[in-house]
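Colleague: Below are the structure tokens for one structure; questions will follow.
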Protein chains: 2
Amino acid sequence: MTIKDIARLSGYGVSTVSRVLNGHPDVSETARKRVMAVVEEYHFQPNNNAKHLKLQKSSSIAVIIKGTQNMLFADILERIQALLRGYGEEAVFCYLDEDANEVTYAIQLCRERQPRGILFLGGDLSFFQEYFHQITIPCVLLTNTAQELKFENLSSVTTDDCAASDQVVEYLISKGHSKIGVLGGNMSSTQISYRRIVGCQQAFQRHRIPFNVQKQCEPCRYSMQEGYDSTKRLLMRNPDLTAIFAISDVIAIGAMRALHDLGRSVPKDISLVGFDGIDLSQYCIPSLTTIHQNSEQLAKKGVEILMQRIHYSHASTHKEIPFELVERESVCQIS
Amino acid sequence: MTIKDIARLSGYGVSTVSRVLNGHPDVSETARKRVMAVVEEYHFQPNNNAKHLKLQKSSSIAVIIKGTQNMLFADILERIQALLRGYGEEAVFCYLDEDANEVTYAIQLCRERQPRGILFLGGDLSFFQEYFHQITIPCVLLTNTAQELKFENLSSVTTDDCAASDQVVEYLISKGHSKIGVLGGNMSSTQISYRRIVGCQQAFQRHRIPFNVQKQCEPCRYSMQEGYDSTKRLLMRNPDLTAIFAISDVIAIGAMRALHDLGRSVPKDISLVGFDGIDLSQYCIPSLTTIHQNSEQLAKKGVEILMQRIHYSHASTHKEIPFELVERESVCQIS
DNA sequence: CTGAAAGCGCTTACAG
DNA sequence: CTGAAAGCGCTTACAG
């Protein structure tokens with residue numbers, strides 16, 4: 001069943017059928033109705049390969065996910081897929097290692113698949129800086145800001161990581177803590193984690209509490225396993241910590257278990273705060289005090305911006321979504 | 001840059017270029033070398049739309065995931081993506097609601113995208129029974145068995161759910177439990193959960209311990225939230241339970257929190273066993289005794305079977321992967 | 001071993 | 001408002 005059959009069956013030419021199918025305005029109401037009747041009767045489905053060959057592009061949106069263990073991404077992902085489906089777009093999902101170069105991967109993808117746009121879930125700004133100029137299609141970076149890169153085809157939506165972390169430390173200080181360790185991310189200034197650490201520094205400075213990044217920060221990947229291991233290293237170096245701020249909930253879950261195995265009870269002996277607000281954070285024991293990122297809005301804004309750009313050539317923008325400190329059971333007032 | 005340009009640049013015709021690109025044998029070594037030299041020099045990438053239009057198919061493998069909250073699937077998924085990439089295949093991921101009809105969705109997908117094969121992650125046999133005959137491309141069902149359906153293009157790989165559940169109950173009984181509740185799944189005989197419940201029944205019968213499915217089983221979806229809510233319902237009906245078997249780890253995590261909120265300590269007051277062996281099961285507190293399904297093998301076998309079928313027309317098969325009861329901290333010996 | 005040519009199913013400029 | 005025709009980039013039967 002092709003457009004030709006529909007033409008024959010409806011008594012119109014293929015041009016008219018094509019126009020009806022694509023919602024062009026210059027078709028008579030009669031033609032539209034007759035064609036649609038046949039289309040529906042036969043459940044006709046245009047051949048995408050032919051369409052895209054002709055149009056010189058594919059219809060898919062690529063979604064590149066960095067870090068497979070990050071449960072925040074899993075949550076955002078299913079929302080993105082649902083939204084994209086709502087827009088009638090197809091999505092191609094690509095999982096990359098947390099340390100992989102997502103931009104060179106995207107360049108490769110563009111050559112092979114010619115997607116219409118790309119959604120990056122996580123990303124390292126240094127890769128964008130160096131390679132992104134080779135990409136010409138609309139892109140949106142999620143959970144990191146690309147504002148300063150000033151690429152005209154790269155938007156971003158993120159939360160104010162710096163302010164959120166500042167608030168976490170402020171909160172811990174207000175609970176009497178001053179010996180606070182920070183877990184996760186890495187120190188490169190092009191990573192999300194960097195902005196979170198800067199936020200911590202701000203708060204410490206404001207309160208004139210010394211904070212030795214080298215000593216009190218322990219970098220690690222976004223997984224429970226690494227959260228577990230790094231907690232042990234962090235505590236080895238700083239046995240007197242009364243609170244830990246894990247830069248991601250997944251890391252915090254690993255930390256919680258490590259603390260348990262070390263015989264330190266949360267929050268009685270040591271307080272713990274996460275970041276992200278994944279589902280699990282309210283079910284673990286104790287439930288996790290954390291920064292809730294509105295992943296629903298993150299996904300929605302991201303997809304929206306991409307669609308606006310693709311369909312109406314809107315300029316690129318950089319949005320911020322709100323965050324919220326959710327107090328639960330993992331933090332204790334001391335002294 | 002098209003195949004025509006390569007032809008011109010290499011001094012051969014388009015037919016020869018095409019043959020080289022597709023590894024056909026009837027090309028001279030000289031031609032192959034000259035063509036490949038040009039292809040590599042220009043980083044030529046054939047247009048997939050044209051290729052598939054001509055070949056009347058797309059190159060992608062569709063992966064249909066049922067239930068977005070199930071962390072077991074997240075794990076399998078990233079493995080599948082990596083494996084498929086290794087085979088040089090593109091993957092299209094589709095997330096469906098746990099209760100959606102994956103088969104009619106697949107039929108739709110076949111019309112729209114013409115995938116070369118489908119991997120189903122989770123599935124309800126009743127949908128397959130009723131609609132699968134409309135699908136003609138190779139398919140593999142993961143985490144449920146399609147053995148009895150006898151479709152010649154539907155393979156499956158699963159673990160022996162019945163034996164695994166039998167072993168869980170056997171284990172709990174050996175620990176002195178006889179008042180055991182079962183959490184999760186639903187009672188329809190075409191669901192994975194059904195075979196798990198049957199396994200439980202077997203064990204109870206063998207030990208002549210009464211087991212009232214209506215009363216002691218509480219169906220629920222595969223999410224922490226539902227695990228949480230159902231636990232409360234189950235306990236309301238059976239306040240004297242000494243152990244709960246959750247048919248999935250995600251459900252167990254929700255159950256653990258519900259028990260905590262109910263003031264019942266795990267495992268001291270009540271024992272808990274999960275199913276799946278997701279990462280989280282070893283980090284939660286207490287860590288979860290569970291049936292570990294080898295998700296690596298599940299993914300590997302699934303993809304392998306599909307590839308064999310697609311490339312060498314192998315017959316459909318139904319494989320079983322091993323399971324293992326992993327003893328951790330959530331079960332207690334009683335009396 | 002190689003090439004000219006047909007054709008996959010669509011869109012759209014052009015002519016009416 | 002409508003249709004005939006060209007062409008998107010590929011593969012392959014056919015002829016040599």
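Ligands are numbered from 1 in the order shown, chains are lettered A, B, ... in the order of the structure tokens, and residues start at 1 in each chain.
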Each residue of chain C with at least one atom at most 8 Å from chain B should appear once, together with its nearest atom pair and the corresponding distance in Å (one decimal); atoms considered: only C-alpha atoms (C1' of nucleotides); ordering: chain, then increasing residue number; output as a tab-separated table.
Modeller:
```
residue	atom	partner	partner_atom	distance
C:DC1	C1'	B:Val27	CA	6.0
C:DT2	C1'	B:Thr16	CA	6.9
C:DG3	C1'	B:Gly13	CA	5.7
C:DC8	C1'	B:Lys54	CA	4.4
C:DG9	C1'	B:Leu53	CA	7.4
```
Colleague: Quick one: pick out all strand (DSSP E) residues within range 2-145 of chain B from a backbone DSSP run and write them as a list in words.
Modeller: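 Everything in range 2-145 of chain B that counts as strand (DSSP E) is Ser60, Ile61, Ala62, Val63, Ile64, Ile65, Lys66, Glu90, Ala91, Val92, Phe93, Cys94, Tyr95, Leu96, Gly117, Ile118, Leu119, Phe120, Leu121, Cys139, Val140, Leu141 and Leu142 of chain B.
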Colleague: Next, write the just-selected residues to a file, as a JSON list (two decimals), in the first residue's frame, keeping C-alpha atoms as the atom set.
Modeller:
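In the end it all went to again-v6.json:
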```
[["chain", "number", "residue", "atom", "x", "y", "z"],
["B", 60, "SER", "CA", 16.82, -0.76, 13.42],
["B", 61, "ILE", "CA", 15.98, -3.18, 16.16],
["B", 62, "ALA", "CA", 13.04, -2.10, 18.28],
["B", 63, "VAL", "CA", 13.19, -2.62, 22.02],
["B", 64, "ILE", "CA", 9.84, -2.40, 23.77],
["B", 65, "ILE", "CA", 10.05, -1.90, 27.52],
["B", 66, "LYS", "CA", 7.01, -2.60, 29.64],
["B", 90, "GLU", "CA", 20.69, 0.61, 15.67],
["B", 91, "ALA", "CA", 18.17, 0.39, 18.44],
["B", 92, "VAL", "CA", 14.87, 2.15, 18.91],
["B", 93, "PHE", "CA", 13.67, 2.13, 22.50],
["B", 94, "CYS", "CA", 10.00, 2.41, 23.35],
["B", 95, "TYR", "CA", 8.75, 2.75, 26.89],
["B", 96, "LEU", "CA", 5.26, 1.49, 27.55],
["B", 117, "GLY", "CA", 13.46, -7.35, 14.80],
["B", 118, "ILE", "CA", 11.89, -6.68, 18.17],
["B", 119, "LEU", "CA", 13.08, -7.30, 21.68],
["B", 120, "PHE", "CA", 10.29, -7.30, 24.24],
["B", 121, "LEU", "CA", 11.31, -6.48, 27.79],
["B", 139, "CYS", "CA", 11.09, -11.26, 17.94],
["B", 140, "VAL", "CA", 12.48, -12.21, 21.32],
["B", 141, "LEU", "CA", 10.59, -11.97, 24.57],
["B", 142, "LEU", "CA", 12.72, -11.32, 27.64]]
```
Colleague: So, with only C-alpha atoms as the atoms that count, which of A:Glu29, A:Asp276, A:Glu102, A:Glu226 lies closest to chain B?
Modeller: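 Residue with the minimum atom-to-atom distance to chain B: A:Glu226.
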Colleague: Restrict the calculation to only C-alpha atoms, then for each residue of chain A with any atom at most 9 Å from an atom of chain B give the closest atom pair and their distance in Å to one decimal, rows by chain and rising residue number, as a Markdown table.
Modeller:
```
| residue | atom | partner | partner_atom | distance |
| --- | --- | --- | --- | --- |
| A:Phe44 | CA | B:Arg111 | CA | 8.8 |
| A:Gln45 | CA | B:Glu112 | CA | 6.3 |
| A:Pro46 | CA | B:Glu112 | CA | 7.5 |
| A:Asn47 | CA | B:Glu112 | CA | 7.1 |
| A:Asn48 | CA | B:Arg113 | CA | 7.1 |
| A:Asn49 | CA | B:Asn49 | CA | 4.7 |
| A:Ala50 | CA | B:Leu53 | CA | 5.7 |
| A:Lys51 | CA | B:Asn49 | CA | 8.5 |
| A:His52 | CA | B:Asn49 | CA | 6.3 |
| A:Leu53 | CA | B:Asn49 | CA | 5.2 |
| A:Lys54 | CA | B:Ala50 | CA | 8.9 |
| A:Gln56 | CA | B:Asn49 | CA | 8.5 |
| A:Lys57 | CA | B:Asn49 | CA | 8.3 |
| A:Ser58 | CA | B:Asn49 | CA | 7.6 |
| A:Thr68 | CA | B:Glu78 | CA | 6.8 |
| A:Gln69 | CA | B:Asp75 | CA | 8.2 |
| A:Met71 | CA | B:Met71 | CA | 8.9 |
| A:Ala74 | CA | B:Ala74 | CA | 7.4 |
| A:Asp75 | CA | B:Gln69 | CA | 8.2 |
| A:Glu78 | CA | B:Tyr95 | CA | 6.6 |
| A:Gln81 | CA | B:Tyr95 | CA | 7.1 |
| A:Ala82 | CA | B:Tyr95 | CA | 7.9 |
| A:Glu90 | CA | B:Val92 | CA | 8.6 |
| A:Ala91 | CA | B:Val92 | CA | 7.1 |
| A:Val92 | CA | B:Val92 | CA | 5.4 |
| A:Phe93 | CA | B:Phe93 | CA | 6.4 |
| A:Cys94 | CA | B:Gln81 | CA | 7.4 |
| A:Tyr95 | CA | B:Glu78 | CA | 6.6 |
| A:Leu96 | CA | B:Ala82 | CA | 8.9 |
| A:Arg111 | CA | B:Gln45 | CA | 6.6 |
| A:Glu112 | CA | B:Gln45 | CA | 6.3 |
| A:Arg113 | CA | B:Asn48 | CA | 7.2 |
| A:Gln114 | CA | B:Asn47 | CA | 9.0 |
| A:Met224 | CA | B:Tyr283 | CA | 7.4 |
| A:Gln225 | CA | B:Tyr283 | CA | 8.4 |
| A:Tyr228 | CA | B:Tyr283 | CA | 8.5 |
| A:Ile253 | CA | B:Tyr283 | CA | 6.9 |
| A:Gly254 | CA | B:Tyr283 | CA | 6.2 |
| A:Ala255 | CA | B:Tyr283 | CA | 9.0 |
| A:Met256 | CA | B:Tyr283 | CA | 8.1 |
| A:Arg257 | CA | B:Tyr283 | CA | 5.6 |
| A:Ala258 | CA | B:Tyr283 | CA | 8.4 |
| A:His260 | CA | B:Ile285 | CA | 8.0 |
| A:Asp279 | CA | B:Met224 | CA | 8.0 |
| A:Leu280 | CA | B:Met224 | CA | 7.7 |
| A:Gln282 | CA | B:Arg257 | CA | 8.7 |
| A:Tyr283 | CA | B:Arg257 | CA | 5.5 |
| A:Cys284 | CA | B:Arg257 | CA | 6.6 |
| A:Ile285 | CA | B:Ile285 | CA | 6.4 |
| A:Pro286 | CA | B:Ile285 | CA | 8.7 |
| A:Ser287 | CA | B:Arg257 | CA | 8.8 |
```
Colleague: Using DSSP assignments from the backbone, pull out every residue in range 41-282 of chain A that falls under alpha helix (DSSP H) and give it to me as a PyMOL selection string.
Modeller: chain A and resi 41+48-55+71-86+102-113+125-131+161-174+192-206+213-216+224-237+249-261
Colleague: Store the residues of this selection in a file with C-alpha atoms, as a tab-separated table (two decimals), in the first residue's frame.
Modeller:
```tsv
chain	number	residue	atom	x	y	z
A	41	GLU	CA	-10.00	2.45	5.46
A	48	ASN	CA	9.24	7.05	6.28
A	49	ASN	CA	12.32	6.01	4.40
A	50	ALA	CA	10.98	7.43	1.19
A	51	LYS	CA	9.76	10.53	2.93
A	52	HIS	CA	13.06	11.23	4.58
A	53	LEU	CA	15.03	10.38	1.53
A	54	LYS	CA	13.09	12.97	-0.34
A	55	LEU	CA	13.20	15.45	2.50
A	71	MET	CA	18.55	7.03	38.34
A	72	LEU	CA	17.62	10.66	37.81
A	73	PHE	CA	18.20	10.14	34.12
A	74	ALA	CA	16.02	7.05	34.01
A	75	ASP	CA	13.18	9.14	35.33
A	76	ILE	CA	13.72	12.02	32.92
A	77	LEU	CA	14.11	9.60	30.07
A	78	GLU	CA	10.69	8.08	30.26
A	79	ARG	CA	9.17	11.53	30.40
A	80	ILE	CA	11.10	12.60	27.33
A	81	GLN	CA	9.98	9.58	25.42
A	82	ALA	CA	6.35	10.25	26.31
A	83	LEU	CA	6.60	13.93	25.38
A	84	LEU	CA	8.32	13.21	22.10
A	85	ARG	CA	5.67	10.68	21.24
A	86	GLY	CA	3.09	13.34	21.95
A	102	GLU	CA	29.19	12.82	24.05
A	103	VAL	CA	29.90	15.48	21.44
A	104	THR	CA	32.13	13.45	19.15
A	105	TYR	CA	29.61	10.68	19.53
A	106	ALA	CA	26.88	13.08	18.45
A	107	ILE	CA	28.90	14.16	15.42
A	108	GLN	CA	29.20	10.54	14.37
A	109	LEU	CA	25.50	10.08	14.95
A	110	CYS	CA	24.67	13.04	12.74
A	111	ARG	CA	26.61	11.53	9.88
A	112	GLU	CA	25.00	8.14	10.25
A	113	ARG	CA	21.45	8.95	11.16
A	125	LEU	CA	31.14	21.55	28.75
A	126	SER	CA	34.76	21.07	27.73
A	127	PHE	CA	33.70	18.60	25.05
A	128	PHE	CA	31.12	21.06	23.81
A	129	GLN	CA	33.63	23.85	23.75
A	130	GLU	CA	36.05	21.88	21.66
A	131	TYR	CA	33.83	19.97	19.24
A	161	ASP	CA	23.21	23.98	41.03
A	162	CYS	CA	25.27	26.58	42.78
A	163	ALA	CA	22.38	28.08	44.73
A	164	ALA	CA	21.01	24.65	45.57
A	165	SER	CA	24.31	23.45	47.02
A	166	ASP	CA	24.71	26.70	48.86
A	167	GLN	CA	21.34	26.08	50.42
A	168	VAL	CA	22.28	22.55	51.44
A	169	VAL	CA	25.38	23.71	53.25
A	170	GLU	CA	23.52	26.64	54.76
A	171	TYR	CA	20.94	24.18	56.02
A	172	LEU	CA	23.54	21.86	57.50
A	173	ILE	CA	25.25	24.77	59.20
A	174	SER	CA	21.93	25.89	60.63
A	192	ILE	CA	27.97	20.00	36.71
A	193	SER	CA	29.59	18.93	39.95
A	194	TYR	CA	31.92	21.91	39.85
A	195	ARG	CA	29.08	24.37	40.20
A	196	ARG	CA	27.73	22.39	43.10
A	197	ILE	CA	31.06	22.53	44.88
A	198	VAL	CA	31.31	26.25	44.24
A	199	GLY	CA	27.92	26.62	45.90
A	200	CYS	CA	29.26	24.81	48.95
A	201	GLN	CA	32.29	27.06	49.09
A	202	GLN	CA	30.09	30.13	48.99
A	203	ALA	CA	28.11	29.03	52.00
A	204	PHE	CA	31.20	28.09	53.98
A	205	GLN	CA	32.82	31.42	53.22
A	206	ARG	CA	29.75	33.35	54.21
A	213	VAL	CA	38.34	21.17	48.95
A	214	GLN	CA	41.29	18.81	48.52
A	215	LYS	CA	40.64	17.21	51.83
A	216	GLN	CA	36.91	17.41	52.35
A	224	MET	CA	25.90	3.47	44.32
A	225	GLN	CA	29.07	1.41	44.14
A	226	GLU	CA	31.31	4.46	43.83
A	227	GLY	CA	29.31	6.33	46.43
A	228	TYR	CA	29.97	3.43	48.75
A	229	ASP	CA	33.70	3.27	48.13
A	230	SER	CA	34.28	7.01	48.21
A	231	THR	CA	32.50	7.41	51.50
A	232	LYS	CA	35.01	5.09	53.09
A	233	ARG	CA	37.89	7.06	51.60
A	234	LEU	CA	36.38	10.37	52.65
A	235	LEU	CA	35.88	9.24	56.21
A	236	MET	CA	39.34	7.76	56.41
A	237	ARG	CA	40.72	11.22	55.67
A	249	ASP	CA	21.03	10.71	45.41
A	250	VAL	CA	22.48	7.58	43.84
A	251	ILE	CA	25.79	8.40	45.47
A	252	ALA	CA	24.01	9.12	48.74
A	253	ILE	CA	22.40	5.68	48.73
A	254	GLY	CA	25.84	4.11	48.43
A	255	ALA	CA	27.10	6.43	51.16
A	256	MET	CA	24.26	5.48	53.46
A	257	ARG	CA	25.20	1.85	53.19
A	258	ALA	CA	28.90	2.57	53.69
A	259	LEU	CA	28.14	4.55	56.83
A	260	HIS	CA	26.00	1.69	58.06
A	261	ASP	CA	28.83	-0.78	57.47
```
Colleague: Might you pull out every residue within 12 Å of Arg328 in chain B, with only C-alpha atoms (C1' of nucleotides) counted and same-chain residues fewer than 3 positions away left off, and present them as a list in words?
Modeller: Val266, Pro267, Ser271, Leu272, Val273, Gly274, Gly277, Ser281, Gln282, Tyr283, Cys284, Ile285, Pro286, Ser287, Leu288, Thr289, Thr290, Ile291, His292, Leu325, Val331 and Cys332 of chain B
Colleague: Could the residues in this selection be written to a file with N, CA and C atoms, as a PDB file, in the first residue's frame?
Modeller:
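Full text of part_32.pdb as output:
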```pdb
ATOM      1  N   VAL B 266      12.652  -5.010  59.934  1.00  0.00           N
ATOM      2  CA  VAL B 266      13.124  -6.100  59.072  1.00  0.00           C
ATOM      3  C   VAL B 266      14.588  -6.354  59.404  1.00  0.00           C
ATOM      4  N   PRO B 267      15.014  -7.548  59.700  1.00  0.00           N
ATOM      5  CA  PRO B 267      14.241  -8.785  59.678  1.00  0.00           C
ATOM      6  C   PRO B 267      13.736  -9.209  61.057  1.00  0.00           C
ATOM      7  N   SER B 271      10.433 -10.944  58.078  1.00  0.00           N
ATOM      8  CA  SER B 271      11.468 -11.179  57.063  1.00  0.00           C
ATOM      9  C   SER B 271      10.961 -10.763  55.691  1.00  0.00           C
ATOM     10  N   LEU B 272      11.897 -10.457  54.804  1.00  0.00           N
ATOM     11  CA  LEU B 272      11.525  -9.957  53.477  1.00  0.00           C
ATOM     12  C   LEU B 272      12.472 -10.534  52.429  1.00  0.00           C
ATOM     13  N   VAL B 273      11.897 -11.032  51.350  1.00  0.00           N
ATOM     14  CA  VAL B 273      12.721 -11.529  50.240  1.00  0.00           C
ATOM     15  C   VAL B 273      12.257 -10.861  48.955  1.00  0.00           C
ATOM     16  N   GLY B 274      13.195 -10.524  48.098  1.00  0.00           N
ATOM     17  CA  GLY B 274      12.866  -9.900  46.816  1.00  0.00           C
ATOM     18  C   GLY B 274      13.079 -10.839  45.641  1.00  0.00           C
ATOM     19  N   GLY B 277      17.436  -9.167  41.957  1.00  0.00           N
ATOM     20  CA  GLY B 277      18.852  -8.963  42.220  1.00  0.00           C
ATOM     21  C   GLY B 277      19.398  -7.697  41.588  1.00  0.00           C
ATOM     22  N   SER B 281      19.616  -3.793  45.653  1.00  0.00           N
ATOM     23  CA  SER B 281      19.315  -4.794  46.685  1.00  0.00           C
ATOM     24  C   SER B 281      20.488  -5.015  47.641  1.00  0.00           C
ATOM     25  N   GLN B 282      21.696  -4.697  47.211  1.00  0.00           N
ATOM     26  CA  GLN B 282      22.823  -4.874  48.139  1.00  0.00           C
ATOM     27  C   GLN B 282      23.174  -3.601  48.885  1.00  0.00           C
ATOM     28  N   TYR B 283      22.548  -2.485  48.513  1.00  0.00           N
ATOM     29  CA  TYR B 283      22.866  -1.238  49.208  1.00  0.00           C
ATOM     30  C   TYR B 283      21.804  -0.800  50.199  1.00  0.00           C
ATOM     31  N   CYS B 284      20.589  -1.285  50.035  1.00  0.00           N
ATOM     32  CA  CYS B 284      19.544  -0.850  50.949  1.00  0.00           C
ATOM     33  C   CYS B 284      19.816  -1.403  52.349  1.00  0.00           C
ATOM     34  N   ILE B 285      19.138  -0.831  53.312  1.00  0.00           N
ATOM     35  CA  ILE B 285      19.382  -1.215  54.705  1.00  0.00           C
ATOM     36  C   ILE B 285      18.089  -1.707  55.346  1.00  0.00           C
ATOM     37  N   PRO B 286      17.987  -2.944  55.733  1.00  0.00           N
ATOM     38  CA  PRO B 286      18.980  -4.007  55.553  1.00  0.00           C
ATOM     39  C   PRO B 286      19.094  -4.406  54.083  1.00  0.00           C
ATOM     40  N   SER B 287      20.234  -4.972  53.723  1.00  0.00           N
ATOM     41  CA  SER B 287      20.376  -5.438  52.337  1.00  0.00           C
ATOM     42  C   SER B 287      19.394  -6.577  52.115  1.00  0.00           C
ATOM     43  N   LEU B 288      18.995  -6.749  50.876  1.00  0.00           N
ATOM     44  CA  LEU B 288      17.839  -7.593  50.572  1.00  0.00           C
ATOM     45  C   LEU B 288      18.227  -9.000  50.129  1.00  0.00           C
ATOM     46  N   THR B 289      17.708  -9.979  50.796  1.00  0.00           N
ATOM     47  CA  THR B 289      17.833 -11.356  50.320  1.00  0.00           C
ATOM     48  C   THR B 289      16.921 -11.487  49.113  1.00  0.00           C
ATOM     49  N   THR B 290      17.462 -12.013  48.038  1.00  0.00           N
ATOM     50  CA  THR B 290      16.693 -11.966  46.792  1.00  0.00           C
ATOM     51  C   THR B 290      17.121 -13.056  45.822  1.00  0.00           C
ATOM     52  N   ILE B 291      16.299 -13.278  44.826  1.00  0.00           N
ATOM     53  CA  ILE B 291      16.681 -14.159  43.717  1.00  0.00           C
ATOM     54  C   ILE B 291      17.405 -13.301  42.692  1.00  0.00           C
ATOM     55  N   HIS B 292      18.641 -13.635  42.461  1.00  0.00           N
ATOM     56  CA  HIS B 292      19.405 -12.867  41.484  1.00  0.00           C
ATOM     57  C   HIS B 292      19.216 -13.472  40.104  1.00  0.00           C
ATOM     58  N   LEU B 325      19.683 -17.801  44.678  1.00  0.00           N
ATOM     59  CA  LEU B 325      19.179 -17.158  45.886  1.00  0.00           C
ATOM     60  C   LEU B 325      20.358 -16.539  46.635  1.00  0.00           C
ATOM     61  N   VAL B 331      16.366 -11.521  56.064  1.00  0.00           N
ATOM     62  CA  VAL B 331      15.630 -12.687  56.540  1.00  0.00           C
ATOM     63  C   VAL B 331      16.200 -13.167  57.872  1.00  0.00           C
ATOM     64  N   CYS B 332      15.301 -13.597  58.748  1.00  0.00           N
ATOM     65  CA  CYS B 332      15.669 -13.981  60.103  1.00  0.00           C
ATOM     66  C   CYS B 332      15.136 -15.379  60.396  1.00  0.00           C
TER      67      CYS B 332
END
```
